[in-house]
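The next block is my_file.cif, given as mmCIF, C-alpha atoms.
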```cif
data_query
loop_
_atom_site.label_atom_id
_atom_site.label_comp_id
_atom_site.auth_asym_id
_atom_site.auth_seq_id
_atom_site.Cartn_x
_atom_site.Cartn_y
_atom_site.Cartn_z
CA MET A 182 35.19 -55.67 13.19
CA ARG A 183 33.79 -52.36 11.97
CA ALA A 184 34.27 -51.06 8.48
CA ALA A 185 36.44 -48.05 8.17
CA ARG A 186 34.45 -44.86 7.94
CA VAL A 187 35.12 -42.82 4.85
CA PRO A 188 35.21 -39.14 5.70
CA THR A 189 32.85 -36.94 3.69
CA SER A 190 33.39 -33.29 3.18
CA ARG A 191 30.66 -30.65 3.39
CA ALA A 192 31.33 -29.79 -0.24
CA SER A 193 30.38 -33.29 -1.35
CA LYS A 194 26.98 -32.89 0.33
CA ARG A 195 26.14 -29.56 -1.33
CA PRO A 196 25.14 -30.90 -4.75
CA ALA A 197 22.47 -33.04 -3.11
CA ALA A 198 21.17 -29.99 -1.23
CA TRP A 199 21.03 -27.98 -4.46
CA VAL A 200 19.19 -30.79 -6.24
CA CYS A 201 16.65 -30.98 -3.40
CA ALA A 202 16.15 -27.21 -3.44
CA TRP A 203 15.72 -27.23 -7.22
CA LEU A 204 13.15 -30.05 -7.00
CA LEU A 205 11.17 -28.19 -4.29
CA LEU A 206 11.13 -24.86 -6.18
CA PRO A 207 7.78 -25.55 -7.91
CA LEU A 208 6.19 -26.08 -4.47
CA LEU A 209 7.00 -22.55 -3.25
CA PRO A 210 4.11 -20.10 -3.13
CA ALA A 211 3.84 -17.85 -6.17
CA TRP A 212 4.79 -14.74 -4.17
CA ALA A 213 8.13 -16.30 -3.20
CA GLU A 214 9.52 -16.18 -6.72
CA ASP A 215 7.65 -13.33 -8.41
CA ALA A 216 9.09 -9.88 -8.80
CA PRO A 217 7.07 -6.96 -7.46
CA SER A 218 3.97 -6.41 -9.57
CA ALA A 219 4.14 -4.00 -12.47
CA GLN A 220 0.98 -2.36 -11.14
CA LEU A 221 2.59 -1.54 -7.79
CA LEU A 222 5.78 -0.37 -9.48
CA GLN A 223 3.70 2.18 -11.41
CA LEU A 224 2.31 3.54 -8.13
CA THR A 225 5.79 3.59 -6.62
CA GLN A 226 7.10 5.64 -9.54
CA ARG A 227 4.10 7.97 -9.37
CA PHE A 228 3.98 8.66 -5.62
CA SER A 229 7.52 8.11 -4.22
CA GLY A 230 9.01 11.11 -2.47
CA HIS A 231 7.96 13.87 -0.11
CA TRP A 232 4.80 15.90 -0.64
CA ALA A 233 3.39 19.11 0.83
CA CYS A 234 -0.41 19.09 0.83
CA GLY A 235 -3.04 21.75 1.36
CA GLY A 236 -6.81 21.76 1.16
CA HIS A 237 -9.99 22.02 3.16
CA PHE A 238 -12.65 20.12 5.05
CA SER A 239 -16.24 19.96 3.81
CA ASN A 240 -17.05 22.97 6.04
CA GLY A 241 -14.37 25.07 4.32
CA LYS A 242 -11.86 24.98 7.21
CA LEU A 243 -8.30 24.85 5.86
CA ILE A 244 -5.97 21.92 6.46
CA SER A 245 -2.39 21.17 5.48
CA SER A 246 -0.28 18.06 5.82
CA ALA A 247 2.92 16.33 4.79
CA GLU A 248 3.00 12.96 3.04
CA SER A 249 5.85 10.72 1.97
CA PHE A 250 5.95 7.47 0.05
CA ALA A 251 8.80 4.94 -0.20
CA PRO A 252 9.02 1.36 -1.49
CA ILE A 253 9.75 -1.27 1.19
CA LEU A 254 10.22 -5.04 1.47
CA GLY A 255 11.81 -5.49 -1.93
CA ALA A 256 9.41 -2.97 -3.51
CA ARG A 257 6.48 -5.30 -2.82
CA PHE A 258 4.81 -2.56 -0.75
CA LEU A 259 4.69 1.21 -0.83
CA ALA A 260 4.88 2.77 2.64
CA GLN A 261 3.03 6.05 3.15
CA GLU A 262 3.42 8.43 6.07
CA HIS A 263 0.78 11.13 6.56
CA SER A 264 0.97 13.90 9.18
CA ASP A 265 -1.52 16.73 9.52
CA ASN A 266 0.00 20.07 10.41
CA ALA A 267 -1.11 21.91 13.58
CA PRO A 268 -3.69 22.50 14.86
CA PHE A 269 -4.74 19.06 13.65
CA THR A 270 -3.18 15.92 15.12
CA TYR A 271 -4.05 13.10 12.71
CA ASN A 272 -1.07 10.92 11.77
CA ALA A 273 -1.14 7.68 9.82
CA HIS A 274 1.13 4.97 8.50
CA ALA A 275 -0.21 3.13 5.47
CA LEU A 276 0.94 0.26 3.30
CA TRP A 277 -0.07 0.07 -0.34
CA GLY A 278 0.15 -3.32 -2.02
CA TYR A 279 -1.16 -5.35 -4.92
CA ASP A 280 -2.92 -8.68 -4.52
CA GLN A 281 -1.94 -10.75 -7.57
CA THR A 282 -4.68 -13.33 -6.92
CA GLN A 283 -7.58 -10.88 -6.57
CA HIS A 284 -6.09 -8.32 -9.01
CA LEU A 285 -6.73 -5.56 -6.48
CA PHE A 286 -4.64 -2.79 -4.99
CA THR A 287 -4.71 -2.79 -1.20
CA LEU A 288 -4.36 0.09 1.23
CA SER A 289 -3.93 -0.70 4.94
CA ILE A 290 -4.05 2.36 7.20
CA TYR A 291 -2.97 2.50 10.85
CA ASP A 292 -3.44 5.82 12.65
CA ASN A 293 -2.60 7.54 15.93
CA PHE A 294 -6.22 7.20 17.10
CA GLY A 295 -5.91 3.41 17.06
CA GLY A 296 -7.64 2.98 13.73
CA GLN A 297 -6.88 -0.03 11.53
CA ARG A 298 -8.62 0.06 8.18
CA LEU A 299 -8.34 -1.85 4.93
CA PHE A 300 -9.28 -0.49 1.51
CA THR A 301 -9.14 -2.05 -1.96
CA SER A 302 -9.13 -0.68 -5.50
CA SER A 303 -9.47 -2.31 -8.90
CA GLY A 304 -7.08 0.30 -10.32
CA TRP A 305 -7.13 3.53 -12.27
CA GLN A 306 -10.51 4.31 -13.82
CA ASP A 307 -11.35 7.65 -15.47
CA ALA A 308 -8.02 9.09 -14.22
CA ALA A 309 -8.89 8.23 -10.60
CA LEU A 310 -7.62 5.56 -8.24
CA THR A 311 -10.42 4.90 -5.74
CA PHE A 312 -9.81 2.86 -2.57
CA GLU A 313 -13.04 1.69 -0.91
CA THR A 314 -13.58 0.19 2.54
CA HIS A 315 -13.00 -3.55 2.83
CA ALA A 316 -13.71 -5.60 5.97
CA LEU A 317 -10.58 -6.24 7.99
CA LEU A 318 -11.42 -8.03 11.24
CA ALA A 319 -15.09 -7.20 11.70
CA PRO A 320 -17.96 -6.12 9.48
CA VAL A 321 -17.60 -2.61 8.10
CA THR A 322 -19.55 -0.12 10.21
CA ARG A 323 -18.83 2.97 8.11
CA GLN A 324 -18.27 3.13 4.36
CA GLU A 325 -15.27 5.32 3.51
CA ARG A 326 -13.14 5.86 0.44
CA PHE A 327 -10.11 7.76 -0.81
CA ILE A 328 -9.97 9.05 -4.38
CA TYR A 329 -6.53 9.86 -5.78
CA LYS A 330 -6.29 11.92 -8.98
CA SER A 331 -3.35 13.25 -10.96
CA LEU A 332 -3.20 17.01 -11.25
CA THR A 333 -2.91 18.22 -14.83
CA SER A 334 -1.03 21.37 -13.84
CA ASP A 335 2.06 19.54 -12.57
CA ALA A 336 3.23 16.15 -11.30
CA GLY A 337 1.13 16.48 -8.15
CA TYR A 338 -2.00 14.68 -7.08
CA SER A 339 -5.19 15.30 -5.16
CA VAL A 340 -6.77 13.00 -2.63
CA GLU A 341 -10.35 13.28 -1.45
CA TYR A 342 -11.65 11.46 1.62
CA GLN A 343 -15.36 10.61 1.44
CA VAL A 344 -17.92 8.96 3.73
CA LEU A 345 -21.17 7.33 2.63
CA ASP A 346 -24.08 9.00 4.45
CA LYS A 347 -27.36 7.39 5.50
CA SER A 348 -29.05 8.44 2.26
CA GLY A 349 -26.46 6.51 0.23
CA THR A 350 -24.64 9.62 -1.03
CA TRP A 351 -20.86 9.99 -0.86
CA LYS A 352 -19.97 13.15 1.11
CA MET A 353 -16.56 14.81 1.11
CA GLY A 354 -14.75 14.79 4.44
CA ASP A 355 -11.72 16.66 3.15
CA VAL A 356 -9.70 17.16 0.00
CA LEU A 357 -5.98 17.85 -0.41
CA GLU A 358 -3.76 18.84 -3.31
CA CYS A 359 -0.20 17.59 -2.96
CA HIS A 360 2.95 18.83 -4.66
CA HIS A 361 6.57 17.66 -4.35
CA ALA A 362 8.13 19.22 -1.29
#
```
Would you mind writing the file's structure down as structure tokens?
Amino acid sequence: MRAARVPTSRASKRPAAWVCAWLLLPLLPAWAEDAPSAQLLQLTQRFSGHWACGGHFSNGKLISSAESFAPILGARFLAQEHSDNAPFTYNAHALWGYDQTQHLFTLSIYDNFGGQRLFTSSGWQDAALTFETHALLAPVTRQERFIYKSLTSDAGYSVEYQVLDKSGTWKMGDVLECHHA
């Protein structure tokens, strides 16, 4: 003879599930419970929005572009869209982040020429935020960097792209000044 089965409701099982989840909470990775970093939130506040940019290449040829920044994925990343205006065709999608373990800002750029590049920065120094090349999948073959600076005349910023030449000197590729569009 079998014992009568006592029905159990789903509600009676929930407290055990909550206790198990509570006990496992310390085992979650740090990023699973942390809020977005204060460092990245500062960049989000500084750069969010649409920007009209104008400047020149190292040879003096003029260039203009549009940039926009918006927080994504719970404000853990800052998405950047960059599009050169005609006659130039460079377009890029970038993600800015902050690595809590390394205490570094990260900048991952993906462009319409198939480029995938990673840059890191230790943060603002002497009113400049400098992102330097960091190996992504293979050894770095060309040293590049982006230097972002706040403009004192308004809430805009400038960004200068530089390449390290064979003599070990940083050479400007182009520079842009950006203002809210």
Listed atoms of segment 217-234 of chain A, axis-aligned box, 6 Å per side: centre and edge lengths to one decimal in Å, as AutoDock Vina command-line options?
```
--center_x 4.3 --center_y 6.1 --center_z -5.8 --size_x 21.4 --size_y 38.1 --size_z 25.3
```
Run through the PyMOL selection byres ((chain A and resi 337) around 7) on the given coordinates and return the selected residues as an mmCIF file with C-alpha atoms, keeping the file's coordinate frame.
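Dumped to expr-v4.cif:
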```
data_model
loop_
_atom_site.group_PDB
_atom_site.id
_atom_site.type_symbol
_atom_site.label_atom_id
_atom_site.label_comp_id
_atom_site.auth_asym_id
_atom_site.auth_seq_id
_atom_site.Cartn_x
_atom_site.Cartn_y
_atom_site.Cartn_z
ATOM 1 C CA SER A 331 -3.350 13.250 -10.960
ATOM 2 C CA LEU A 332 -3.200 17.010 -11.250
ATOM 3 C CA ASP A 335 2.060 19.540 -12.570
ATOM 4 C CA ALA A 336 3.230 16.150 -11.300
ATOM 5 C CA TYR A 338 -2.000 14.680 -7.080
ATOM 6 C CA CYS A 359 -0.200 17.590 -2.960
ATOM 7 C CA HIS A 360 2.950 18.830 -4.660
ATOM 8 C CA HIS A 361 6.570 17.660 -4.350
#
```
Exercise for the section: Name the residues captured by the PyMOL selection byres ((chain A and resi 244) around 12) when it is applied to the shown file; answer as a PyMOL selection string. Expected result: chain A and resi 233-243+245-247+264-271+354-359
Leaving out Gly304 of chain A and any residue of its chain fewer than 6 positions from it, which residues lie within 8 Å of it when counting only C-alpha atoms, given as a PDB file with C-alpha atoms, in the coordinates of the input?
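Output contents, as saved in part.pdb:
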```pdb
ATOM      1  CA  LEU A 285      -6.730  -5.560  -6.480  1.00  0.00           C
ATOM      2  CA  PHE A 286      -4.640  -2.790  -4.990  1.00  0.00           C
ATOM      3  CA  LEU A 310      -7.620   5.560  -8.240  1.00  0.00           C
ATOM      4  CA  THR A 311     -10.420   4.900  -5.740  1.00  0.00           C
TER       5      THR A 311
END
```
Problem - Selection near His315 of chain A, 7 Å with only C-alpha atoms, sequence-local residues under 3 positions removed, as a list of chain:residue names - result: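 So, after excluding close chain neighbours, the residues are A:Leu299, A:Phe300, A:Thr301.
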Exercise for the section: Find, counting all atoms listed in the file, the residue in A:Asp346, A:Trp232, A:Gln223, A:Ala273 that gets nearest to Gly295 of chain A. Expected result: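 Smallest separation from Gly295 of chain A among the options: A:Ala273.
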Problem - Among the residues A:Ala275, A:Ile290, A:Ala319, A:Ala219, the one that comes closest to Ala256 of chain A [using all atoms listed in the file] - result: A:Ala219
